[in-house]
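What's in target_21.pdb: PDB, C-alpha atoms
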```pdb
ATOM      1  CA  MET E   1      69.287  82.073  62.266
ATOM      2  CA  ASP E   2      69.006  85.631  63.538
ATOM      3  CA  SER E   3      71.592  87.218  65.798
ATOM      4  CA  THR E   4      69.477  87.002  68.985
ATOM      5  CA  THR E   5      69.173  83.220  68.715
ATOM      6  CA  SER E   6      72.859  82.708  67.984
ATOM      7  CA  SER E   7      73.787  84.989  70.904
ATOM      8  CA  THR E   8      71.528  82.973  73.224
ATOM      9  CA  ILE E   9      73.052  79.702  72.026
ATOM     10  CA  LEU E  10      76.531  81.165  72.494
ATOM     11  CA  GLN E  11      75.655  82.222  76.053
ATOM     12  CA  ALA E  12      74.259  78.798  76.922
ATOM     13  CA  VAL E  13      77.302  77.044  75.475
ATOM     14  CA  SER E  14      79.642  79.447  77.323
ATOM     15  CA  ILE E  15      77.987  78.757  80.678
ATOM     16  CA  ALA E  16      78.065  74.986  80.161
ATOM     17  CA  THR E  17      81.697  75.151  79.035
ATOM     18  CA  ALA E  18      82.640  77.274  82.034
ATOM     19  CA  GLY E  19      81.254  74.611  84.368
ATOM     20  CA  LEU E  20      83.063  71.896  82.438
ATOM     21  CA  ALA E  21      86.320  73.860  82.467
ATOM     22  CA  VAL E  22      86.380  74.228  86.252
ATOM     23  CA  GLY E  23      85.109  70.701  86.862
ATOM     24  CA  MET E  24      87.624  68.972  84.634
ATOM     25  CA  GLY E  25      90.420  71.400  85.451
ATOM     26  CA  ALA E  26      89.991  70.604  89.148
ATOM     27  CA  ILE E  27      90.477  66.834  88.724
ATOM     28  CA  GLY E  28      94.219  66.897  88.040
ATOM     29  CA  PRO E  29      95.244  69.387  90.754
ATOM     30  CA  ALA E  30      92.992  67.604  93.272
ATOM     31  CA  LEU E  31      94.764  64.291  92.679
ATOM     32  CA  GLY E  32      98.152  66.004  92.679
ATOM     33  CA  GLU E  33      97.502  67.919  95.887
ATOM     34  CA  GLY E  34      96.254  64.751  97.560
ATOM     35  CA  ARG E  35      99.499  62.986  96.706
ATOM     36  CA  ALA E  36     101.603  65.965  97.788
ATOM     37  CA  VAL E  37      99.884  66.359 101.150
ATOM     38  CA  SER E  38      99.986  62.636 101.869
ATOM     39  CA  SER E  39     103.740  62.488 101.219
ATOM     40  CA  ALA E  40     104.308  65.624 103.285
ATOM     41  CA  LEU E  41     102.333  64.158 106.196
ATOM     42  CA  ASP E  42     104.315  60.946 105.807
ATOM     43  CA  ALA E  43     107.564  62.888 106.035
ATOM     44  CA  ILE E  44     106.337  64.901 109.042
ATOM     45  CA  ALA E  45     105.325  61.675 110.805
ATOM     46  CA  ARG E  46     108.801  60.282 110.218
ATOM     47  CA  GLN E  47     110.657  63.438 111.209
ATOM     48  CA  PRO E  48     108.533  65.738 113.374
ATOM     49  CA  ASP E  49     111.547  68.028 113.908
ATOM     50  CA  MET E  50     111.431  69.100 110.274
ATOM     51  CA  ALA E  51     107.703  69.912 110.388
ATOM     52  CA  GLY E  52     108.210  73.666 109.907
ATOM     53  CA  ILE E  53     110.334  73.426 106.756
ATOM     54  CA  LEU E  54     108.242  70.601 105.315
ATOM     55  CA  GLN E  55     105.030  72.507 105.920
ATOM     56  CA  ARG E  56     106.311  75.639 104.217
ATOM     57  CA  ASN E  57     107.626  73.738 101.223
ATOM     58  CA  MET E  58     104.336  71.847 101.053
ATOM     59  CA  PHE E  59     102.394  75.131 100.913
ATOM     60  CA  VAL E  60     104.631  76.468  98.149
ATOM     61  CA  GLY E  61     104.262  73.237  96.190
ATOM     62  CA  LEU E  62     100.508  73.202  96.699
ATOM     63  CA  ALA E  63     100.323  76.759  95.390
ATOM     64  CA  MET E  64     102.224  75.690  92.260
ATOM     65  CA  ILE E  65      99.943  72.685  91.722
ATOM     66  CA  GLU E  66      96.893  74.823  92.360
ATOM     67  CA  SER E  67      97.931  77.213  89.579
ATOM     68  CA  THR E  68      96.555  74.931  86.865
ATOM     69  CA  ALA E  69      93.156  74.846  88.563
ATOM     70  CA  ILE E  70      93.338  78.622  88.881
ATOM     71  CA  TYR E  71      93.942  78.985  85.149
ATOM     72  CA  ALA E  72      90.798  76.899  84.581
ATOM     73  CA  LEU E  73      88.944  79.242  86.957
ATOM     74  CA  VAL E  74      90.212  82.268  85.011
ATOM     75  CA  VAL E  75      88.964  80.744  81.757
ATOM     76  CA  ALA E  76      85.571  80.039  83.330
ATOM     77  CA  LEU E  77      85.295  83.574  84.746
ATOM     78  CA  ILE E  78      86.204  85.046  81.345
ATOM     79  CA  LEU E  79      83.596  82.835  79.653
ATOM     80  CA  ILE E  80      80.860  83.960  82.045
ATOM     81  CA  PHE E  81      81.652  87.606  82.785
ATOM     82  CA  GLY E  82      83.952  88.828  80.046
ATOM     83  CA  ASN E  83      83.176  86.734  76.986
ATOM     84  CA  PRO E  84      84.585  88.615  73.987
ATOM     85  CA  LEU E  85      82.198  86.839  71.584
ATOM     86  CA  ILE E  86      79.006  87.936  73.343
ATOM     87  CA  SER E  87      78.091  91.586  72.951
ATOM     88  CA  VAL E  88      75.709  92.521  75.742
TER      89      VAL E  88
ATOM     90  CA  MET A  89      65.514  81.684  92.065
ATOM     91  CA  ILE A  90      65.765  85.454  91.665
ATOM     92  CA  GLY A  91      66.787  85.741  95.306
ATOM     93  CA  VAL A  92      69.689  83.362  94.709
ATOM     94  CA  LEU A  93      70.847  85.243  91.618
ATOM     95  CA  GLY A  94      70.603  88.526  93.520
ATOM     96  CA  ALA A  95      72.673  87.095  96.371
ATOM     97  CA  ILE A  96      75.336  85.897  93.929
ATOM     98  CA  GLY A  97      75.378  89.283  92.228
ATOM     99  CA  ASP A  98      75.739  91.069  95.586
ATOM    100  CA  ALA A  99      78.619  88.806  96.564
ATOM    101  CA  ILE A 100      80.544  89.348  93.331
ATOM    102  CA  LYS A 101      80.109  93.005  92.417
ATOM    103  CA  THR A 102      81.503  95.794  94.548
ATOM    104  CA  GLU A 103      79.112  98.455  95.676
ATOM    105  CA  VAL A 104      79.874 102.126  95.009
ATOM    106  CA  LEU A 105      79.218 103.861  98.329
ATOM    107  CA  PHE A 106      79.739 107.511  97.350
ATOM    108  CA  HIS A 107      81.532 109.715  94.842
ATOM    109  CA  LEU A 108      84.584 111.805  95.683
ATOM    110  CA  GLY A 109      84.434 114.325  92.853
ATOM    111  CA  PRO A 110      84.550 112.209  89.683
ATOM    112  CA  LEU A 111      85.988 109.190  91.538
ATOM    113  CA  PRO A 112      83.574 106.455  92.616
ATOM    114  CA  VAL A 113      84.548 105.162  96.065
ATOM    115  CA  THR A 114      83.688 101.483  96.453
ATOM    116  CA  GLU A 115      83.151  99.475  99.606
ATOM    117  CA  THR A 116      86.533  97.822  98.976
ATOM    118  CA  VAL A 117      88.353 101.150  99.273
ATOM    119  CA  VAL A 118      86.510 102.131 102.460
ATOM    120  CA  VAL A 119      87.186  98.777 104.157
ATOM    121  CA  THR A 120      90.836  98.870 103.031
ATOM    122  CA  TRP A 121      91.307 102.323 104.567
ATOM    123  CA  GLY A 122      89.551 101.121 107.702
ATOM    124  CA  ILE A 123      91.952  98.176 108.013
ATOM    125  CA  MET A 124      94.900 100.484 107.333
ATOM    126  CA  ALA A 125      93.734 102.919 110.030
ATOM    127  CA  ALA A 126      93.215 100.100 112.555
ATOM    128  CA  MET A 127      96.657  98.625 111.844
ATOM    129  CA  VAL A 128      98.437 101.988 112.021
ATOM    130  CA  ILE A 129      96.734 102.909 115.315
ATOM    131  CA  LEU A 130      97.529  99.489 116.793
ATOM    132  CA  SER A 131     101.165  99.756 115.675
ATOM    133  CA  ILE A 132     101.525 103.259 117.156
ATOM    134  CA  LEU A 133      99.987 102.074 120.436
ATOM    135  CA  ALA A 134     102.303  99.046 120.525
ATOM    136  CA  THR A 135     105.520 100.896 119.721
ATOM    137  CA  ARG A 136     104.870 103.942 121.929
ATOM    138  CA  GLY A 137     107.145 103.677 124.937
ATOM    139  CA  LEU A 138     108.957 100.437 124.103
ATOM    140  CA  LYS A 139     110.198  98.681 127.227
ATOM    141  CA  LEU A 140     112.930  96.137 127.785
ATOM    142  CA  ARG A 141     110.440  94.137 129.794
ATOM    143  CA  PRO A 142     107.452  94.305 127.443
ATOM    144  CA  GLY A 143     103.772  94.438 128.276
ATOM    145  CA  PRO A 144     101.239  92.114 126.642
ATOM    146  CA  LEU A 145     100.704  94.211 123.486
ATOM    147  CA  GLN A 146     104.408  94.789 122.821
ATOM    148  CA  ASN A 147     105.087  91.127 123.548
ATOM    149  CA  PHE A 148     102.472  90.024 121.011
ATOM    150  CA  MET A 149     103.787  92.396 118.344
ATOM    151  CA  GLU A 150     107.369  91.248 118.912
ATOM    152  CA  MET A 151     106.186  87.660 118.537
ATOM    153  CA  VAL A 152     104.516  88.437 115.199
ATOM    154  CA  VAL A 153     107.498  90.369 113.823
ATOM    155  CA  GLU A 154     109.963  87.698 114.953
ATOM    156  CA  TRP A 155     107.847  84.973 113.375
ATOM    157  CA  ILE A 156     107.849  86.819 110.038
ATOM    158  CA  GLU A 157     111.612  87.401 110.364
ATOM    159  CA  ASP A 158     112.153  83.667 110.936
ATOM    160  CA  GLN A 159     110.095  82.765 107.875
ATOM    161  CA  VAL A 160     112.058  85.170 105.673
ATOM    162  CA  ARG A 161     115.433  84.126 107.092
ATOM    163  CA  ASP A 162     114.702  80.443 106.498
ATOM    164  CA  VAL A 163     114.023  80.940 102.792
ATOM    165  CA  ILE A 164     116.389  83.759 101.809
ATOM    166  CA  ASN A 165     119.322  82.626 104.021
ATOM    167  CA  ASP A 166     120.272  86.225 104.637
ATOM    168  CA  ASP A 167     119.563  89.186 106.884
ATOM    169  CA  PRO A 168     115.757  89.566 106.636
ATOM    170  CA  THR A 169     115.657  93.285 107.572
ATOM    171  CA  PRO A 170     115.288  94.738 104.021
ATOM    172  CA  TYR A 171     112.369  92.448 103.204
ATOM    173  CA  ILE A 172     110.400  92.683 106.461
ATOM    174  CA  PRO A 173     108.493  95.919 105.659
ATOM    175  CA  LEU A 174     107.092  94.587 102.371
ATOM    176  CA  ILE A 175     106.392  91.000 103.375
ATOM    177  CA  GLY A 176     105.153  91.825 106.851
ATOM    178  CA  THR A 177     102.778  94.455 105.501
ATOM    179  CA  LEU A 178     101.449  92.119 102.807
ATOM    180  CA  PHE A 179     100.892  89.292 105.279
ATOM    181  CA  LEU A 180      99.278  91.393 108.008
ATOM    182  CA  TYR A 181      97.074  93.323 105.580
ATOM    183  CA  ILE A 182      95.875  90.183 103.773
ATOM    184  CA  ILE A 183      95.160  88.290 106.992
ATOM    185  CA  CYS A 184      93.193  91.278 108.381
ATOM    186  CA  ALA A 185      91.313  91.656 105.082
ATOM    187  CA  ASN A 186      90.486  87.944 104.886
ATOM    188  CA  LEU A 187      89.256  87.718 108.456
ATOM    189  CA  ALA A 188      87.429  91.086 108.542
ATOM    190  CA  PRO A 189      84.003  89.751 107.425
ATOM    191  CA  THR A 190      84.104  87.029 110.072
ATOM    192  CA  PHE A 191      84.700  89.412 112.958
ATOM    193  CA  VAL A 192      82.984  92.600 111.748
ATOM    194  CA  PRO A 193      79.445  91.918 110.521
ATOM    195  CA  LEU A 194      78.144  93.370 107.221
ATOM    196  CA  VAL A 195      81.665  94.102 105.986
ATOM    197  CA  LYS A 196      82.823  92.596 102.701
ATOM    198  CA  SER A 197      86.410  91.436 102.481
ATOM    199  CA  PRO A 198      88.532  93.720 100.256
ATOM    200  CA  THR A 199      90.383  90.642  98.996
ATOM    201  CA  ALA A 200      87.115  89.347  97.498
ATOM    202  CA  ASP A 201      87.573  92.122  94.922
ATOM    203  CA  ILE A 202      89.931  91.256  92.073
ATOM    204  CA  SER A 203      91.193  94.868  91.968
ATOM    205  CA  THR A 204      92.730  94.534  95.443
ATOM    206  CA  THR A 205      94.415  91.205  94.785
ATOM    207  CA  ALA A 206      95.621  92.340  91.349
ATOM    208  CA  GLY A 207      97.147  95.406  93.004
ATOM    209  CA  LEU A 208      98.920  93.279  95.612
ATOM    210  CA  ALA A 209     100.194  90.874  92.936
ATOM    211  CA  LEU A 210     101.481  93.815  90.856
ATOM    212  CA  LEU A 211     103.314  95.039  93.952
ATOM    213  CA  VAL A 212     105.080  91.665  94.163
ATOM    214  CA  PHE A 213     105.689  91.710  90.401
ATOM    215  CA  ILE A 214     107.502  95.048  90.693
ATOM    216  CA  SER A 215     109.338  94.352  93.945
ATOM    217  CA  VAL A 216     110.995  91.144  92.665
ATOM    218  CA  PRO A 217     113.153  92.967  90.056
ATOM    219  CA  PHE A 218     113.654  95.817  92.551
ATOM    220  CA  PHE A 219     115.262  93.557  95.153
ATOM    221  CA  GLY A 220     116.999  91.524  92.445
ATOM    222  CA  ILE A 221     118.672  94.562  90.887
ATOM    223  CA  ARG A 222     119.581  95.954  94.314
ATOM    224  CA  SER A 223     121.279  92.680  95.218
ATOM    225  CA  ARG A 224     122.925  91.637  91.936
ATOM    226  CA  GLY A 225     123.127  94.834  89.892
ATOM    227  CA  LEU A 226     121.197  95.410  86.662
ATOM    228  CA  LEU A 227     123.296  93.096  84.441
ATOM    229  CA  GLY A 228     123.511  90.424  87.100
ATOM    230  CA  TYR A 229     119.741  90.443  87.488
ATOM    231  CA  LEU A 230     119.077  90.341  83.732
ATOM    232  CA  LYS A 231     121.433  87.361  83.554
ATOM    233  CA  THR A 232     119.058  85.336  85.739
ATOM    234  CA  TYR A 233     116.537  85.381  82.875
ATOM    235  CA  PHE A 234     119.001  83.393  80.755
ATOM    236  CA  GLN A 235     119.429  80.631  83.293
ATOM    237  CA  PRO A 236     120.045  77.743  83.005
ATOM    238  CA  VAL A 237     120.496  78.262  79.220
ATOM    239  CA  PHE A 238     119.623  81.212  77.004
ATOM    240  CA  ILE A 239     116.754  79.318  75.316
ATOM    241  CA  MET A 240     114.854  79.602  78.601
ATOM    242  CA  LEU A 241     114.370  83.391  78.215
ATOM    243  CA  PRO A 242     110.756  83.294  76.898
ATOM    244  CA  PHE A 243     109.786  80.661  79.458
ATOM    245  CA  ASN A 244     111.232  82.700  82.309
ATOM    246  CA  ILE A 245     109.303  85.773  81.163
ATOM    247  CA  ILE A 246     106.062  83.790  80.751
ATOM    248  CA  SER A 247     106.470  82.201  84.167
ATOM    249  CA  GLU A 248     106.996  85.626  85.751
ATOM    250  CA  LEU A 249     103.747  86.893  84.190
ATOM    251  CA  SER A 250     101.682  83.768  84.834
ATOM    252  CA  ARG A 251     102.734  83.494  88.468
ATOM    253  CA  THR A 252     101.596  87.088  89.011
ATOM    254  CA  LEU A 253      98.209  86.221  87.510
ATOM    255  CA  ALA A 254      98.015  83.073  89.634
ATOM    256  CA  LEU A 255      98.954  85.041  92.777
ATOM    257  CA  ALA A 256      96.100  87.495  92.176
ATOM    258  CA  VAL A 257      93.446  84.986  91.150
ATOM    259  CA  ARG A 258      94.329  82.449  93.878
ATOM    260  CA  LEU A 259      93.622  84.907  96.674
ATOM    261  CA  PHE A 260      90.573  86.393  94.911
ATOM    262  CA  GLY A 261      89.090  82.991  94.033
ATOM    263  CA  ASN A 262      89.462  81.541  97.504
ATOM    264  CA  ILE A 263      88.024  84.506  99.399
ATOM    265  CA  MET A 264      85.299  85.329  96.856
ATOM    266  CA  SER A 265      84.080  81.724  96.709
ATOM    267  CA  GLY A 266      83.906  81.594 100.520
ATOM    268  CA  GLN A 267      81.671  84.666 100.597
ATOM    269  CA  LEU A 268      79.653  83.370  97.653
ATOM    270  CA  ILE A 269      78.870  80.112  99.436
ATOM    271  CA  VAL A 270      77.697  81.986 102.551
ATOM    272  CA  ALA A 271      75.551  84.312 100.417
ATOM    273  CA  VAL A 272      73.964  81.410  98.528
ATOM    274  CA  ILE A 273      73.285  79.478 101.755
ATOM    275  CA  LEU A 274      71.642  82.521 103.349
ATOM    276  CA  ALA A 275      69.489  83.007 100.247
ATOM    277  CA  VAL A 276      68.464  79.361  99.816
ATOM    278  CA  ALA A 277      68.189  77.946 103.331
ATOM    279  CA  PRO A 278      65.087  78.505 105.464
ATOM    280  CA  LEU A 279      65.517  81.125 108.171
ATOM    281  CA  VAL A 280      66.070  78.724 111.087
ATOM    282  CA  MET A 281      68.546  76.515 109.243
ATOM    283  CA  ALA A 282      70.620  79.358 107.790
ATOM    284  CA  PRO A 283      72.913  79.922 110.810
ATOM    285  CA  VAL A 284      73.410  76.178 111.253
ATOM    286  CA  LEU A 285      74.619  75.903 107.669
ATOM    287  CA  ALA A 286      76.399  79.231 107.346
ATOM    288  CA  VAL A 287      78.462  79.184 110.558
ATOM    289  CA  PRO A 288      80.580  76.109 109.626
ATOM    290  CA  VAL A 289      81.308  77.695 106.230
ATOM    291  CA  GLN A 290      82.374  80.896 108.003
ATOM    292  CA  LEU A 291      84.651  78.855 110.283
ATOM    293  CA  LEU A 292      86.138  77.177 107.223
ATOM    294  CA  GLY A 293      86.639  80.692 105.872
ATOM    295  CA  LEU A 294      88.792  81.507 108.919
ATOM    296  CA  LEU A 295      91.086  78.604 108.030
ATOM    297  CA  THR A 296      91.163  79.397 104.291
ATOM    298  CA  GLY A 297      91.787  83.080 104.948
ATOM    299  CA  THR A 298      94.744  82.406 107.250
ATOM    300  CA  ILE A 299      96.275  79.829 104.925
ATOM    301  CA  GLN A 300      95.860  82.034 101.852
ATOM    302  CA  ALA A 301      97.543  84.954 103.640
ATOM    303  CA  LEU A 302     100.414  82.618 104.587
ATOM    304  CA  VAL A 303     100.631  81.244 101.025
ATOM    305  CA  PHE A 304     100.723  84.756  99.547
ATOM    306  CA  ALA A 305     103.483  85.830 101.942
ATOM    307  CA  VAL A 306     105.536  82.635 101.509
ATOM    308  CA  LEU A 307     105.290  82.813  97.716
ATOM    309  CA  THR A 308     106.410  86.456  97.821
ATOM    310  CA  ILE A 309     109.410  85.430  99.941
ATOM    311  CA  VAL A 310     110.233  82.576  97.551
ATOM    312  CA  TYR A 311     109.993  84.803  94.449
ATOM    313  CA  ILE A 312     112.156  87.504  96.037
ATOM    314  CA  GLY A 313     114.556  84.840  97.334
ATOM    315  CA  GLY A 314     114.922  83.517  93.800
ATOM    316  CA  ALA A 315     115.833  86.963  92.513
ATOM    317  CA  VAL A 316     118.372  88.028  95.162
ATOM    318  CA  GLU A 317     121.879  86.699  95.615
ATOM    319  CA  SER A 318     122.383  84.362  98.550
ATOM    320  CA  ARG A 319     124.748  85.431 101.324
ATOM    321  CA  LYS A 320     127.044  82.431 100.831
ATOM    322  CA  LYS A 321     127.693  83.329  97.202
ATOM    323  CA  ARG A 322     128.378  86.949  98.123
ATOM    324  CA  ILE A 323     130.985  85.899 100.694
ATOM    325  CA  ARG A 324     132.618  83.595  98.165
ATOM    326  CA  LYS A 325     132.901  86.489  95.753
ATOM    327  CA  GLY A 326     134.669  88.498  98.480
ATOM    328  CA  GLY A 327     132.004  91.170  98.982
ATOM    329  CA  GLN A 328     130.836  92.533 102.307
ATOM    330  CA  THR A 329     128.669  90.234 104.354
TER     331      THR A 329
END
```
Hey, can you dump this file as structure tokens for me?
Amino acid sequence: MDSTTSSTILQAVSIATAGLAVGMGAIGPALGEGRAVSSALDAIARQPDMAGILQRNMFVGLAMIESTAIYALVVALILIFGNPLISV
Amino acid sequence: MIGVLGAIGDAIKTEVLFHLGPLPVTETVVVTWGIMAAMVILSILATRGLKLRPGPLQNFMEMVVEWIEDQVRDVINDDPTPYIPLIGTLFLYIICANLAPTFVPLVKSPTADISTTAGLALLVFISVPFFGIRSRGLLGYLKTYFQPVFIMLPFNIISELSRTLALAVRLFGNIMSGQLIVAVILAVAPLVMAPVLAVPVQLLGLLTGTIQALVFAVLTIVYIGGAVESRKKRIRKGGQT
């Protein structure tokens, strides 16, 4: 197998893996954020006075949960735009 | 197909507008300086001739500043004055940058460039130890890395680095993907349908941009609040309030 073919295969695999990485990496945070927002809304419905504090803490928590999805995005972006194995 | 790829490429890469000597000046830099100029001029106009009974502009500005002060005070539990310049600037700049493409046509948001967001995240990364050392002293601040037990040292360092990365990529990813979707819709959709499809995405971008600016500012407050000493503890130790 010459180097052009292997490079093409590597590129194709990288692109497919990047899609998989974001897709599968988004499942967990999506479920987690759904749970977090639903409990926060529940709490706000019970105690509307605390809405400000609850909302801010919810945003901070969401940002933490989101981080895992963001790491998946970073991996995908590296695979597509900055893949160390593919020499352009 | 080629049109779509071209649209995606245009949305991701930053265009070099002109060269200043050996330095390439990108669209990001120009838009950033434009936002800075607009904000400085607006601030000068608002603070020139402050009155006890304020006009509409001064009233609005006071509202914004007081809102930011409240946010900081709620988290840090201390006098917010030292933190207002940093956090207020970050919040106002990011919200202007996120909403610029919606209000000014043909302008690309500076926060859709990873260089801008990485710079902002580095600013937070540096300012957390700055405020921490100012509040606790050098040894007192270094001690926080060993909490709750000394084994946590590598984890604390890793978390400090990874949260900086997450801060940069969160803002970049959200804003860039918003612009990307608009670009792809404009490239794919037929001419008549394009506005119908693109306008709701732009409106969603307004919401995302505001929330991401808020998230960036709140996370900065939380990180700084974790590094500085709370007022209660300082009083207990017998220091000045």
Shell around Met58 (chain E) at 8 Å using only C-alpha atoms, local window under 6 positions removed, as a list of chain:residue names: E:Ala36, E:Val37, E:Ala40
Residue list for chain E near chain A as JSON, numbers by chain, 7 Å, all atoms listed in the file: {"E": [59, 60, 67, 70]}
Expected file contents, prior selection, C-alpha atoms, as a JSON list (two decimals), in the frame of the given file:
```json
[["chain", "number", "residue", "atom", "x", "y", "z"],
["E", 59, "PHE", "CA", 102.39, 75.13, 100.91],
["E", 60, "VAL", "CA", 104.63, 76.47, 98.15],
["E", 67, "SER", "CA", 97.93, 77.21, 89.58],
["E", 70, "ILE", "CA", 93.34, 78.62, 88.88]]
```
For CA of Val119 (chain A) and CA of Pro198 (chain A), the interatomic separation in Å (one decimal):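 Spanning CA of Val119 (chain A) to CA of Pro198 (chain A) is a straight-line distance of 6.5 Å.
What separates CA of Pro189 (chain A) from CA of Gly176 (chain A) is a distance of 21.3 Å.
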From A:Leu140, A:Ile164, A:Met127, A:Pro242, residue lying nearest Leu180 (chain A) [all atoms listed in the file]: A:Met127
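Every protein, DNA or RNA residue with an atom at most 12 Å from Lys231 (chain A), where only C-alpha atoms count and chain neighbours fewer than 5 positions away do not, is listed here: Pro217, Gly220, Ile221, Arg224, Gly225, Leu226, Pro236, Val237, Phe238, Met240, Leu241, Asn244 and Ala315 of chain A.
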Excluding same-chain residues fewer than 3 positions from Leu73 (chain E), what lies within 10 Å of it counting all atoms listed in the file, as a PDB file with C-alpha atoms, keeping the file's coordinate frame?
```pdb
ATOM      1  CA  ALA E  18      82.640  77.274  82.034  1.00  0.00           C
ATOM      2  CA  GLY E  19      81.254  74.611  84.368  1.00  0.00           C
ATOM      3  CA  ALA E  21      86.320  73.860  82.467  1.00  0.00           C
ATOM      4  CA  VAL E  22      86.380  74.228  86.252  1.00  0.00           C
ATOM      5  CA  GLY E  23      85.109  70.701  86.862  1.00  0.00           C
ATOM      6  CA  GLY E  25      90.420  71.400  85.451  1.00  0.00           C
ATOM      7  CA  ALA E  26      89.991  70.604  89.148  1.00  0.00           C
ATOM      8  CA  SER E  67      97.931  77.213  89.579  1.00  0.00           C
ATOM      9  CA  THR E  68      96.555  74.931  86.865  1.00  0.00           C
ATOM     10  CA  ALA E  69      93.156  74.846  88.563  1.00  0.00           C
ATOM     11  CA  ILE E  70      93.338  78.622  88.881  1.00  0.00           C
ATOM     12  CA  ALA E  76      85.571  80.039  83.330  1.00  0.00           C
ATOM     13  CA  LEU E  77      85.295  83.574  84.746  1.00  0.00           C
ATOM     14  CA  ILE E  78      86.204  85.046  81.345  1.00  0.00           C
ATOM     15  CA  LEU E  79      83.596  82.835  79.653  1.00  0.00           C
TER      16      LEU E  79
ATOM     17  CA  VAL A 257      93.446  84.986  91.150  1.00  0.00           C
ATOM     18  CA  ARG A 258      94.329  82.449  93.878  1.00  0.00           C
ATOM     19  CA  GLY A 261      89.090  82.991  94.033  1.00  0.00           C
TER      20      GLY A 261
END
```
One-decimal distance in Å that lies between CA of Ala209 (chain A) and CA of Gly297 (chain A):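 So the answer is 16.6 Å.
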Given the PyMOL selection byres ((chain A and resi 281-294) around 12), the residues it picks as a PyMOL selection string: chain A and resi 183-191+193+197+262-280+295-301
Who sits within 9 Å of Ala30 (chain E), all atoms listed in the file, same chain under 3 positions skipped, as a list in words: Ala26, Ile27, Glu33, Gly34, Arg35, Ile65, Glu66 and Ala69 of chain E
Taking all listed atoms of region 195-211 of chain A, build the axis-aligned box, pad each of the six sides by 6 Å, then write its centre and edge lengths in Å to one decimal as lines of an AutoDock Vina configuration file.
```
center_x = 92.5
center_y = 92.4
center_z = 98.4
size_x = 33.6
size_y = 18.1
size_z = 27.1
```
Here's the selection I'm unsure about, the PyMOL selection byres ((chain E and resi 86) around 12); applied to the file above, which residues does it give, as a PDB file with C-alpha atoms, in the coordinates of the input?
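Generated file (part-v2.pdb):
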```pdb
ATOM      1  CA  SER E   3      71.592  87.218  65.798  1.00  0.00           C
ATOM      2  CA  THR E   4      69.477  87.002  68.985  1.00  0.00           C
ATOM      3  CA  THR E   5      69.173  83.220  68.715  1.00  0.00           C
ATOM      4  CA  SER E   6      72.859  82.708  67.984  1.00  0.00           C
ATOM      5  CA  SER E   7      73.787  84.989  70.904  1.00  0.00           C
ATOM      6  CA  THR E   8      71.528  82.973  73.224  1.00  0.00           C
ATOM      7  CA  ILE E   9      73.052  79.702  72.026  1.00  0.00           C
ATOM      8  CA  LEU E  10      76.531  81.165  72.494  1.00  0.00           C
ATOM      9  CA  GLN E  11      75.655  82.222  76.053  1.00  0.00           C
ATOM     10  CA  ALA E  12      74.259  78.798  76.922  1.00  0.00           C
ATOM     11  CA  VAL E  13      77.302  77.044  75.475  1.00  0.00           C
ATOM     12  CA  SER E  14      79.642  79.447  77.323  1.00  0.00           C
ATOM     13  CA  ILE E  15      77.987  78.757  80.678  1.00  0.00           C
ATOM     14  CA  ILE E  78      86.204  85.046  81.345  1.00  0.00           C
ATOM     15  CA  LEU E  79      83.596  82.835  79.653  1.00  0.00           C
ATOM     16  CA  ILE E  80      80.860  83.960  82.045  1.00  0.00           C
ATOM     17  CA  PHE E  81      81.652  87.606  82.785  1.00  0.00           C
ATOM     18  CA  GLY E  82      83.952  88.828  80.046  1.00  0.00           C
ATOM     19  CA  ASN E  83      83.176  86.734  76.986  1.00  0.00           C
ATOM     20  CA  PRO E  84      84.585  88.615  73.987  1.00  0.00           C
ATOM     21  CA  LEU E  85      82.198  86.839  71.584  1.00  0.00           C
ATOM     22  CA  SER E  87      78.091  91.586  72.951  1.00  0.00           C
ATOM     23  CA  VAL E  88      75.709  92.521  75.742  1.00  0.00           C
TER      24      VAL E  88
END
```
Residue IDs satisfying the PyMOL selection byres ((chain A and resi 114) around 7), as an NGL selection string: :A and (102-105 or 112-113 or 115-118)
Polymer residues at most 12 Å from Ser131 (chain A), all atoms listed in the file, same-chain spacing of 2 or more positions, as a PyMOL selection string: chain A and resi 124-129+133-138+145-146+148-150+152-153+177+180
Since we have the selection now, will you write its residues out, keeping C-alpha atoms, as a short mmCIF file (atom, residue, chain, number, x, y, z; two decimals), keeping the file's coordinate frame?
```
data_model
loop_
_atom_site.label_atom_id
_atom_site.label_comp_id
_atom_site.auth_asym_id
_atom_site.auth_seq_id
_atom_site.Cartn_x
_atom_site.Cartn_y
_atom_site.Cartn_z
CA MET A 124 94.90 100.48 107.33
CA ALA A 125 93.73 102.92 110.03
CA ALA A 126 93.22 100.10 112.56
CA MET A 127 96.66 98.62 111.84
CA VAL A 128 98.44 101.99 112.02
CA ILE A 129 96.73 102.91 115.32
CA LEU A 133 99.99 102.07 120.44
CA ALA A 134 102.30 99.05 120.52
CA THR A 135 105.52 100.90 119.72
CA ARG A 136 104.87 103.94 121.93
CA GLY A 137 107.14 103.68 124.94
CA LEU A 138 108.96 100.44 124.10
CA LEU A 145 100.70 94.21 123.49
CA GLN A 146 104.41 94.79 122.82
CA PHE A 148 102.47 90.02 121.01
CA MET A 149 103.79 92.40 118.34
CA GLU A 150 107.37 91.25 118.91
CA VAL A 152 104.52 88.44 115.20
CA VAL A 153 107.50 90.37 113.82
CA THR A 177 102.78 94.46 105.50
CA LEU A 180 99.28 91.39 108.01
#
```
